[in-house]
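First comes the structure, then the notes that go with it.
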Amino acid sequence: MHVVTALTSADALRNIKGTIVLAGAGKMGGAMLSGWLAQGLAAKSVAVIEPHPSDDIRALAAKGVRLNLSAKDAGNVAAFVVALKPQAFREAAPGLKPFVGSSTLVVSIMAGTTIAAIAEGCGGNVVRAMPNTPAAIGRGITVAVAAKNVAPAQRAVADQLLRATGSVEWVEDEGLMDAVTAVSGSGPAYVFLLAEELARAGVAAGLPEELATKLARETVAGSGELLHRSDLSSATLRQNVTSPGGTTAAALEVLMGADGLQALLTRAVAAATRRSKQLAK
């Protein structure tokens, strides 16, 4: 896995020639759209296909984003971004095809949907990507893989679009995307569950529920920010909190035991990986 070196500034997005068409403007698609506009992409350069637009999307349409236009009115499509649920894509694909030429860049963020399935559904030169929900605050991470017919310039455009919501990693093997989905795509839910269960454990230890919830939430959020800012490994940061024979060591003895967190997460990621592969069938 490696990071692609590409134009990533606001100027790069502004310099994209043609229309960016976004099919699906739910939470993730909406986060990407907001990121593009915040990075300087002109509202009139974006067209959104969304049968049930939210109030936020309607507000952006009032500022120039084109909503539910025809393929003819889209003009030159620089990139076609698919942010639909996989089940919805199967039904919507025939209506999307007119927007996509034989060499149009298609960027998909649909979980468990292969490059082959995307190309069959709407055509084009496909980049398959898996973002995660911190994209909503510009702190997401996306992993992407390009089909062999994606030109370097198109890959650079895809990179620019995906970086508007956080960092991007590229892989060459599409087979890794199921595990990527299990680790980073689903990963935020695991962290939120940690905060949820830490609060519940605090209540069980005698803390008032409101205080336990706040302590758990701020501890998880603050620790995540420390991990983000620090050059130290997560293992080193953990060790720095742990005094021999202390309270943290007592807790970690449970969490790091044979049936502890490592075993649970290994099983959880394996289950999510299997489900991602099932969705691709």
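If you're wondering about the labels, chains in the structure tokens are A, B, ... by order shown, residues count from 1 in each chain, ligands from 1 in order shown.
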
Could you give me, as a list in words, the residues within 10 Å of Ala92 of chain A, counting only C-alpha atoms and dropping anything in the same chain fewer than 4 positions from it?
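Returned residues: Ala23, Leu84, Pro86, Gln87, Ala88, Leu96, Lys97, Gly121 and Cys122 of chain A.
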
Restrict the selected residues to C-alpha atoms and save them as a short mmCIF file (atom, residue, chain, number, x, y, z; two decimals), in the first residue's frame.
data_model
loop_
_atom_site.label_atom_id
_atom_site.label_comp_id
_atom_site.auth_asym_id
_atom_site.auth_seq_id
_atom_site.Cartn_x
_atom_site.Cartn_y
_atom_site.Cartn_z
CA ALA A 23 -25.01 9.83 -8.13
CA LEU A 84 -25.33 4.75 -3.97
CA PRO A 86 -25.10 -1.43 -3.80
CA GLN A 87 -28.71 -2.61 -4.00
CA ALA A 88 -29.83 0.76 -5.34
CA LEU A 96 -26.77 6.17 -15.11
CA LYS A 97 -25.29 4.74 -18.29
CA GLY A 121 -23.51 -1.57 -14.65
CA CYS A 122 -22.59 1.82 -16.05
#

Do you know which residues are at most 10 Å from Lys148 of chain A counting only C-alpha atoms, after dropping those on the same chain fewer than 6 positions away, and could you put them as a list in words?
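The contact residues come out as Asn125, Val126, Val127 and Glu172 of chain A.
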
Atom CA of Ser45 of chain A to atom CA of Gln154 of chain A, distance in Å rounded to a single decimal:
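Taking atom CA of Ser45 of chain A as the start and atom CA of Gln154 of chain A as the end point, the length is 17.0 Å.
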
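With only C-alpha atoms as the atoms that count, the minimum distance from Met130 of chain A to the choices A:Leu264, A:Leu279, A:Met110, A:Ala251 is reached by A:Met110.
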
Name all residues at most 12 Å from segment 180-188 of chain A (count only C-alpha atoms; drop same-chain ones fewer than 6 positions away) and give them as a ChimeraX atom specification.
/A:1,28,109-113,128-135,139-145,168-171,173-174,194-195,220-221,224,265-277,279

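Within 7 Å of Asn68 of chain A, once only C-alpha atoms are used and residues closer than 3 positions along the same chain are dropped, the contacting residues are Val48, Ile49 and Glu50 of chain A.
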
Members of segment 83-229 of chain A assigned alpha helix (DSSP H) by DSSP, as a PyMOL selection string:
chain A and resi 86-96+115-122+152-163+177-180+187-204+209-229

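Considering the residues A:Gly75, A:Gly138, A:Ile57, A:Asp259 and counting only C-alpha atoms, Ser167 of chain A has its shortest atom-to-atom contact with A:Gly138.
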
Compile the contact shell of Lys214 of chain A as a PyMOL selection string: residues with an atom at most 12 Å away, counting only C-alpha atoms, same-chain residues fewer than 3 positions apart removed.
chain A and resi 195-196+198-200+202-203+207-211+217-222

Enumerate the residues of segment 106-189 of chain A with a DSSP assignment of strand (DSSP E), computed from the backbone, and present them as number ranges by chain.
A: 106-108, 125-130, 140-146, 166-170

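Of note, atom CA of Ala164 of chain A and atom CA of Ala38 of chain A are spaced 8.2 Å apart.
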
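For the set A:Thr165, A:Thr104, A:Thr236, A:Asn15, the residue with the smallest atom-to-atom gap to Leu33 of chain A is A:Thr165, counting only C-alpha atoms.
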